[in-house]
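Structure file start11.txt (compact mmCIF, C-alpha atoms) follows.
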```
# COMPACT_ATOMS: atom_id res chain seq x y z
CA MET A 84 38.28 -16.50 -20.83
CA THR A 85 36.91 -15.06 -17.60
CA THR A 86 33.54 -15.71 -16.11
CA ALA A 87 31.43 -13.50 -13.90
CA PRO A 88 31.52 -14.47 -10.23
CA VAL A 89 28.56 -16.40 -8.94
CA LEU A 90 26.47 -14.27 -6.61
CA SER A 91 24.77 -15.75 -3.59
CA THR A 92 21.52 -14.31 -2.29
CA PRO A 93 22.10 -12.75 1.14
CA VAL A 94 20.57 -14.90 3.86
CA ALA A 95 18.84 -11.79 5.23
CA ALA A 96 17.05 -11.28 1.91
CA ARG A 97 15.54 -14.75 2.02
CA GLN A 98 14.46 -14.09 5.62
CA VAL A 99 12.86 -10.81 4.55
CA ALA A 100 10.94 -12.55 1.76
CA ALA A 101 9.69 -15.17 4.21
CA LEU A 102 8.31 -12.41 6.46
CA LEU A 103 6.28 -10.72 3.72
CA ARG A 104 2.68 -11.81 3.31
CA ALA A 105 2.21 -13.50 -0.07
CA PRO A 106 -0.65 -12.20 -2.24
CA SER A 107 -1.60 -15.87 -2.80
CA PRO A 108 -0.08 -19.29 -2.02
CA LEU A 109 0.82 -19.58 -5.70
CA THR A 110 2.88 -16.35 -5.71
CA PRO A 111 5.09 -16.28 -2.60
CA TRP A 112 7.68 -13.57 -2.11
CA GLN A 113 11.06 -14.72 -3.36
CA ALA A 114 14.60 -13.36 -3.10
CA THR A 115 17.21 -13.81 -5.81
CA GLU A 116 20.70 -12.44 -6.23
CA PHE A 117 21.00 -9.07 -7.90
CA ARG A 118 23.88 -6.94 -9.16
CA THR A 119 23.39 -3.19 -9.07
CA GLY A 120 25.46 -0.32 -10.37
CA TRP A 121 24.90 1.96 -7.40
CA THR A 122 26.58 -0.18 -4.73
CA ASP A 123 29.06 -3.00 -4.32
CA ALA A 124 27.21 -4.24 -1.22
CA PRO A 125 25.49 -7.65 -1.42
CA ALA A 126 22.07 -7.06 -2.93
CA ALA A 127 18.94 -9.08 -3.68
CA ARG A 128 15.81 -8.74 -5.76
CA ILE A 129 12.75 -9.38 -3.59
CA THR A 130 9.52 -9.83 -5.55
CA ASP A 131 6.03 -11.29 -5.42
CA GLY A 132 5.88 -11.54 -9.19
CA THR A 133 4.34 -8.12 -9.79
CA ARG A 134 6.03 -5.86 -7.23
CA THR A 135 9.81 -5.75 -6.90
CA VAL A 136 12.13 -4.19 -4.33
CA ILE A 137 15.95 -4.24 -4.44
CA ALA A 138 17.59 -4.54 -1.02
CA ALA A 139 21.30 -3.79 -0.58
CA PHE A 140 22.84 -4.93 2.68
CA HIS A 141 25.51 -2.56 4.00
CA PRO A 142 27.34 -2.80 7.35
CA GLY A 143 24.80 -1.55 9.88
CA HIS A 144 22.07 -0.47 7.47
CA THR A 145 20.04 -1.51 4.44
CA THR A 146 18.99 0.50 1.40
CA LEU A 147 15.78 -0.23 -0.48
CA ALA A 148 15.19 0.67 -4.10
CA TRP A 149 12.25 0.30 -6.46
CA ALA A 150 11.14 1.65 -9.80
CA ARG A 151 8.76 4.58 -9.95
CA ARG A 152 6.99 5.35 -13.17
CA GLY A 153 8.56 8.28 -14.98
CA ASP A 154 11.68 8.36 -12.80
CA GLY A 155 13.83 6.11 -14.97
CA PRO A 156 15.91 3.28 -13.49
CA THR A 157 15.47 1.85 -10.04
CA TYR A 158 17.56 3.66 -7.44
CA PRO A 159 17.73 3.78 -3.61
CA ARG A 160 14.80 5.58 -2.00
CA VAL A 161 14.88 4.52 1.66
CA ALA A 162 17.67 3.66 4.09
CA VAL A 163 16.75 1.40 7.01
CA PRO A 164 19.12 1.97 9.96
CA ALA A 165 19.23 -1.75 10.69
CA THR A 166 20.01 -5.15 9.19
CA ASP A 167 17.29 -6.99 11.10
CA PRO A 168 15.11 -8.82 8.52
CA ALA A 169 11.94 -7.98 10.48
CA LEU A 170 12.69 -4.23 10.33
CA ILE A 171 13.59 -4.42 6.64
CA ALA A 172 10.35 -6.26 5.88
CA ARG A 173 8.44 -3.64 7.87
CA GLU A 174 9.93 -0.83 5.79
CA ILE A 175 9.09 -2.62 2.55
CA LEU A 176 5.49 -2.84 3.76
CA ARG A 177 5.50 0.72 5.12
CA SER A 178 7.12 2.61 2.26
CA ALA A 179 7.85 0.55 -0.85
CA LEU A 180 4.61 -1.34 -1.48
CA PRO A 181 2.19 1.61 -1.03
CA ASP A 182 4.37 3.64 -3.37
CA ILE A 183 4.50 0.89 -5.99
CA ASP A 184 0.77 0.22 -5.71
CA THR A 185 -0.03 3.92 -6.07
CA GLU A 186 2.22 4.40 -9.08
CA HIS A 187 0.68 1.47 -10.91
CA ALA A 188 -2.94 1.83 -9.83
CA ARG A 189 -5.46 1.83 -12.64
CA ALA A 190 -7.45 5.01 -13.11
CA ASP A 191 -10.68 3.00 -13.32
CA GLY A 192 -10.72 0.89 -10.19
CA GLY A 193 -7.33 1.32 -8.54
CA ALA A 194 -9.06 1.85 -5.19
CA ARG A 195 -11.22 -1.28 -5.42
CA PRO A 196 -8.90 -3.42 -3.21
CA ALA A 197 -8.89 -0.70 -0.53
CA ARG A 198 -12.68 -0.41 -0.55
CA GLU A 199 -13.09 -4.19 -0.39
CA PHE A 200 -10.56 -4.30 2.45
CA LEU A 201 -12.62 -1.85 4.52
CA GLU A 202 -16.03 -3.23 3.63
CA ASP A 203 -15.41 -6.98 3.70
CA GLU A 204 -12.07 -8.00 5.18
CA LEU A 205 -12.21 -5.61 8.14
CA ARG A 206 -15.88 -6.41 8.78
CA ASP A 207 -14.90 -10.06 9.27
CA TYR A 208 -11.77 -9.11 11.25
CA PHE A 209 -13.72 -7.07 13.80
CA ALA A 210 -16.59 -9.59 13.96
CA ASP A 211 -14.18 -12.43 14.74
CA ARG A 212 -12.73 -10.44 17.63
CA GLY A 213 -15.98 -8.99 18.92
CA ILE A 214 -14.86 -5.40 18.37
CA PRO A 215 -17.69 -2.94 17.68
CA THR A 216 -17.26 -1.20 14.34
CA SER A 217 -19.31 0.58 11.72
CA ALA A 218 -18.80 1.36 8.06
CA TRP A 219 -20.57 3.44 5.45
CA ARG A 220 -20.22 4.73 1.92
CA THR A 221 -20.34 8.48 1.36
CA HIS A 222 -22.21 10.21 -1.44
CA ASN A 223 -19.06 10.23 -3.62
CA GLY A 224 -18.27 6.55 -3.12
CA THR A 225 -15.65 6.91 -0.38
CA ILE A 226 -15.70 4.05 2.15
CA VAL A 227 -15.27 4.82 5.85
CA ARG A 228 -14.84 2.38 8.76
CA VAL A 229 -14.69 3.48 12.40
CA PHE A 230 -13.67 1.66 15.59
CA ARG A 231 -12.62 2.66 19.07
CA ARG A 232 -9.12 2.40 20.47
CA GLY A 233 -9.29 3.23 24.17
CA PRO A 234 -10.53 6.82 24.46
CA ALA A 235 -10.06 7.58 20.77
CA LEU A 236 -12.10 6.88 17.69
CA ILE A 237 -10.07 5.73 14.70
CA ARG A 238 -11.45 6.27 11.22
CA LEU A 239 -10.02 4.47 8.19
CA LYS A 240 -11.02 5.81 4.80
CA ALA A 241 -10.61 4.56 1.23
CA HIS A 242 -10.88 7.09 -1.58
CA MET A 243 -12.28 6.73 -5.07
CA THR A 244 -8.92 6.22 -6.83
CA ALA A 245 -6.07 5.74 -4.34
CA PRO A 246 -5.08 2.15 -3.43
CA THR A 247 -4.08 3.31 0.07
CA LEU A 248 -5.93 4.32 3.23
CA ASP A 249 -6.19 7.49 5.30
CA MET A 250 -6.50 7.28 9.07
CA ARG A 251 -7.84 9.80 11.53
CA TYR A 252 -7.01 9.39 15.22
CA GLY A 253 -9.39 11.33 17.44
CA GLY A 254 -11.28 14.13 15.77
CA PRO A 255 -11.54 17.89 15.51
CA GLU A 256 -14.84 18.01 17.39
CA PHE A 257 -13.99 16.17 20.59
CA PHE A 258 -10.38 15.04 19.93
CA GLY A 259 -10.88 11.90 22.04
CA GLY A 260 -7.30 10.70 21.72
CA THR A 261 -4.59 11.22 24.31
CA LEU A 262 -0.96 12.15 23.87
CA ALA A 263 0.45 8.96 25.43
CA ASP A 264 -1.78 6.75 23.30
CA LEU A 265 -1.01 8.69 20.12
CA GLU A 266 2.68 8.12 20.77
CA GLN A 267 2.02 4.38 20.67
CA VAL A 268 0.14 4.75 17.38
CA LEU A 269 2.94 6.85 15.88
CA ARG A 270 5.46 4.14 16.73
CA LEU A 271 3.45 1.81 14.52
CA VAL A 272 3.58 4.04 11.43
CA THR A 273 6.84 6.03 11.62
CA PRO A 274 10.23 4.80 10.35
CA VAL A 275 12.67 2.79 12.42
CA ARG A 276 14.42 5.09 14.87
CA PRO A 277 18.17 5.26 14.26
CA ARG A 278 20.52 4.17 17.00
CA GLY A 279 21.83 7.12 18.96
CA PRO A 280 20.73 10.76 18.73
CA TYR A 281 19.15 11.71 15.42
CA LYS A 282 18.64 15.43 15.66
CA VAL A 283 19.04 18.09 18.31
CA LEU A 284 15.68 19.60 19.17
CA GLY A 285 15.97 23.32 18.47
CA ASP A 286 14.05 26.40 19.51
CA GLU A 287 12.05 26.31 16.26
CA ILE A 288 9.60 23.85 17.88
CA THR A 289 7.18 25.67 20.19
CA GLY A 290 4.65 24.31 22.67
CA GLN A 291 5.08 21.51 25.19
CA ILE A 292 3.18 18.85 23.22
CA PRO A 293 5.02 19.51 19.93
CA ARG A 294 8.38 19.48 21.69
CA ARG A 295 7.59 16.20 23.43
CA LEU A 296 6.55 14.60 20.14
CA CYS A 297 9.51 15.98 18.19
CA SER A 298 11.94 14.73 20.82
CA GLN A 299 10.74 11.18 20.10
CA PHE A 300 9.91 11.30 16.39
CA SER A 301 12.32 13.76 14.79
CA HIS A 302 13.57 10.83 12.66
CA ALA A 303 10.13 10.85 10.99
CA ASP A 304 10.84 14.33 9.55
CA MET A 305 8.54 15.84 12.15
CA ARG A 306 8.39 19.60 11.87
CA GLN A 307 6.24 22.58 12.78
CA LEU A 308 4.92 24.59 9.86
CA SER A 309 4.33 27.79 11.80
CA ARG A 310 4.93 29.09 15.29
CA TYR A 311 2.48 27.35 17.65
CA GLY A 312 1.07 25.54 14.64
CA CYS A 313 0.35 21.88 14.07
CA LEU A 314 3.06 19.27 13.48
CA VAL A 315 3.55 17.45 10.21
CA PHE A 316 5.64 14.37 9.54
CA GLY A 317 6.74 12.19 6.65
CA ARG A 318 8.16 13.08 3.27
CA ASN A 319 8.33 11.67 -0.25
CA VAL A 320 7.49 8.01 0.45
CA GLY A 321 5.71 6.17 3.24
CA PRO A 322 2.96 7.43 5.55
CA GLU A 323 2.69 11.15 6.20
CA GLY A 324 0.36 13.20 8.34
CA GLN A 325 -0.24 15.96 10.83
CA ILE A 326 -0.97 16.30 14.55
CA GLU A 327 -3.16 18.94 16.13
CA THR A 328 -3.84 20.03 19.70
CA PRO A 329 -6.83 22.04 20.89
CA GLU A 330 -4.60 24.63 22.59
CA TYR A 331 -0.96 25.37 21.79
CA ARG A 332 -0.27 26.26 25.43
CA ALA A 333 -1.52 22.88 26.68
CA ARG A 334 0.84 21.00 28.97
CA ALA A 335 2.35 17.77 27.65
CA ARG A 336 0.50 15.47 30.04
CA ASP A 337 -0.09 11.84 29.10
CA ASP A 338 -3.83 12.53 28.94
CA ALA A 339 -3.56 15.77 26.94
CA PRO A 340 -6.08 15.70 24.05
CA VAL A 341 -4.70 15.38 20.53
CA CYS A 342 -5.92 14.61 17.02
CA ALA A 343 -3.88 13.13 14.17
CA TYR A 344 -4.30 12.40 10.48
CA VAL A 345 -2.16 9.83 8.65
CA ASN A 346 -2.19 9.33 4.88
CA ARG A 347 -0.73 6.74 2.49
CA LEU A 348 -1.23 3.62 4.60
CA GLY A 349 -0.82 0.62 2.31
CA LEU A 350 -3.12 -2.36 2.68
CA ASP A 351 -0.27 -4.80 3.34
CA PHE A 352 1.17 -2.49 5.98
CA THR A 353 -2.22 -1.91 7.61
CA ARG A 354 -2.73 -5.67 7.88
CA SER A 355 0.66 -5.99 9.57
CA ILE A 356 -0.14 -3.42 12.29
CA LEU A 357 -3.87 -4.07 12.70
CA ASP A 358 -3.63 -6.16 15.85
CA ALA A 359 -1.46 -3.53 17.53
CA LEU A 360 -3.66 -0.71 16.24
CA THR A 361 -6.82 -2.29 17.65
CA GLY A 362 -5.12 -3.46 20.85
CA THR A 363 -5.91 -7.13 20.21
CA ASP A 364 -2.26 -8.21 20.41
CA ALA A 365 -2.01 -7.43 24.12
```

Same coordinates, now as structure tokens:
Amino acid sequence: MTTAPVLSTPVAARQVAALLRAPSPLTPWQATEFRTGWTDAPAARITDGTRTVIAAFHPGHTTLAWARRGDGPTYPRVAVPATDPALIAREILRSALPDIDTEHARADGGARPAREFLEDELRDYFADRGIPTSAWRTHNGTIVRVFRRGPALIRLKAHMTAPTLDMRYGGPEFFGGTLADLEQVLRLVTPVRPRGPYKVLGDEITGQIPRRLCSQFSHADMRQLSRYGCLVFGRNVGPEGQIETPEYRARARDDAPVCAYVNRLGLDFTRSILDALTGTDA
């Protein structure tokens, strides 16, 4: 009689679980061994009891898989070009959890945690740090909270049904944001940049500001929808958005005005970048 080999949970998986914020002290994130049919690489099931991500640890990179309603079995959805537990945990927060939360949100109150986050948790966060902020509820129940980051106003918005947030950097009226500062914000929300060159910047990108941004963030699926048009980034899972400039012929100076919109920010991910986003981690 033969017996199945005993699997050991990869050490990195336990480190990833330890880096994820537990929904409560009674339900910490845990990692257990896991056997999957789509890879022979060591894999682990990382879960907080209600949300589950499968991490497979390959030489030099990690794949993350999770179930999406209507898509059948769990299968890989994101590849992280690293084996660093901190970067893997970041991608779980950035891509997996917002997707899982959105897929399983209730139609009657799925956005309640997001609205409470903006109204209550962020009110206390900014008050504790002495950062001026304001919040209001629109006529359709949408919650908006605004604060200043350097020259730019940042607006976080929770919708009626989505359990995620939208963010606006700058604005169409006065822009307010600068190119150099937006680049710092984009580094907070875009995927981990692969080692080495990712993509050769071609002639399809026009304008100095778009070309400067694409040279740094092409790994975020950054592309230009039309000649001299705005840039869009993101695809399928994780944050996505667009970047606009007041004039397509503007020079790519550090202080060039820009405006950006980012959608699908999960609450767990927003918490993890909030200090950097507000500049309080300096």

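As for atom CA of Asp304 of chain A and atom CA of Pro164 of chain A, they are spaced 14.9 Å apart.
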
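Distances here use only C-alpha atoms; by that measure, the residue among A:Arg334, A:Arg118, A:His187, A:Arg206 closest to Phe230 of chain A is A:Arg206.
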
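Atom CA of Gln325 of chain A is found 14.5 Å from atom CA of Pro340 of chain A.
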
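Every protein or nucleic acid residue with an atom no more than 9 Å from Thr216 of chain A, counting only C-alpha atoms and leaving out same-chain residues fewer than 3 positions away, appears here: Arg206, Phe209, Ala210, Arg228, Val229, Phe230 and Arg231 of chain A.
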
Using only C-alpha atoms, which protein or nucleic acid residues come within 12 Å of Ala218 of chain A? Drop anything in the same chain fewer than 4 positions from it, and give the result as a PDB file with C-alpha atoms, in the frame of the given file.
```
ATOM      1  CA  ARG A 198     -12.680  -0.410  -0.550  1.00  0.00           C
ATOM      2  CA  GLU A 199     -13.090  -4.190  -0.390  1.00  0.00           C
ATOM      3  CA  PHE A 200     -10.560  -4.300   2.450  1.00  0.00           C
ATOM      4  CA  LEU A 201     -12.620  -1.850   4.520  1.00  0.00           C
ATOM      5  CA  GLU A 202     -16.030  -3.230   3.630  1.00  0.00           C
ATOM      6  CA  ASP A 203     -15.410  -6.980   3.700  1.00  0.00           C
ATOM      7  CA  GLU A 204     -12.070  -8.000   5.180  1.00  0.00           C
ATOM      8  CA  LEU A 205     -12.210  -5.610   8.140  1.00  0.00           C
ATOM      9  CA  ARG A 206     -15.880  -6.410   8.780  1.00  0.00           C
ATOM     10  CA  PHE A 209     -13.720  -7.070  13.800  1.00  0.00           C
ATOM     11  CA  THR A 225     -15.650   6.910  -0.380  1.00  0.00           C
ATOM     12  CA  ILE A 226     -15.700   4.050   2.150  1.00  0.00           C
ATOM     13  CA  VAL A 227     -15.270   4.820   5.850  1.00  0.00           C
ATOM     14  CA  ARG A 228     -14.840   2.380   8.760  1.00  0.00           C
ATOM     15  CA  VAL A 229     -14.690   3.480  12.400  1.00  0.00           C
ATOM     16  CA  PHE A 230     -13.670   1.660  15.590  1.00  0.00           C
ATOM     17  CA  ILE A 237     -10.070   5.730  14.700  1.00  0.00           C
ATOM     18  CA  ARG A 238     -11.450   6.270  11.220  1.00  0.00           C
ATOM     19  CA  LEU A 239     -10.020   4.470   8.190  1.00  0.00           C
ATOM     20  CA  LYS A 240     -11.020   5.810   4.800  1.00  0.00           C
ATOM     21  CA  ALA A 241     -10.610   4.560   1.230  1.00  0.00           C
TER      22      ALA A 241
END
```

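Atom CA of Tyr208 of chain A lies 13.9 Å from atom CA of Leu350 of chain A.
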
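For segment 122-139 of chain A, the residues within 7 Å (counting all atoms listed in the file, excluding itself and residues fewer than 2 positions away along the chain) are Thr92, Pro93, Ala96, Ala100, Ala105, Thr110, Pro111, Trp112, Gln113, Ala114, Thr115, Glu116, Phe117, Arg118, Thr119, Gly120, His141, Thr145, Thr146, Leu147, Ala148 and Trp149 of chain A.
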
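If you measure from each of A:Met243, A:Arg151, A:Pro234, A:Pro181 to Arg220 of chain A using only C-alpha atoms, the closest one turns out to be A:Met243.
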
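Nearest-residue note for Arg278 of chain A: choosing from A:His144, A:Arg310, A:Arg251, A:Arg160, the minimum distance belongs to A:His144, counting only C-alpha atoms.
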
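Distance annotation: of A:Leu265, A:Val94, A:Met250, A:Leu360, the residue with the minimal separation from Asp167 of chain A is A:Val94; atom set is only C-alpha atoms.
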
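Distance annotation: of A:Glu287, A:Glu327, A:Asp364, A:Asp249, the residue with the minimal separation from Leu348 of chain A is A:Asp249; atom set is all atoms listed in the file.
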
message = Taking only C-alpha atoms into account, name the residue in A:Leu170, A:Pro322, A:Thr273, A:Val99 that is nearest to Gly349 of chain A.
response = A:Pro322

message = Report as a ChimeraX atom specification all protein, DNA and RNA residues lying within 6 Å of Ile326 of chain A, evaluated on only C-alpha atoms, omitting residues in the same chain fewer than 6 positions from it.
response = /A:313-314,342-343

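Near Ala339 of chain A, within 9 Å and counting only C-alpha atoms, sit Gly260, Thr261, Leu262, Ala263, Ile292, Thr328 and Ala333 of chain A; same-chain residues fewer than 6 positions away were not included.
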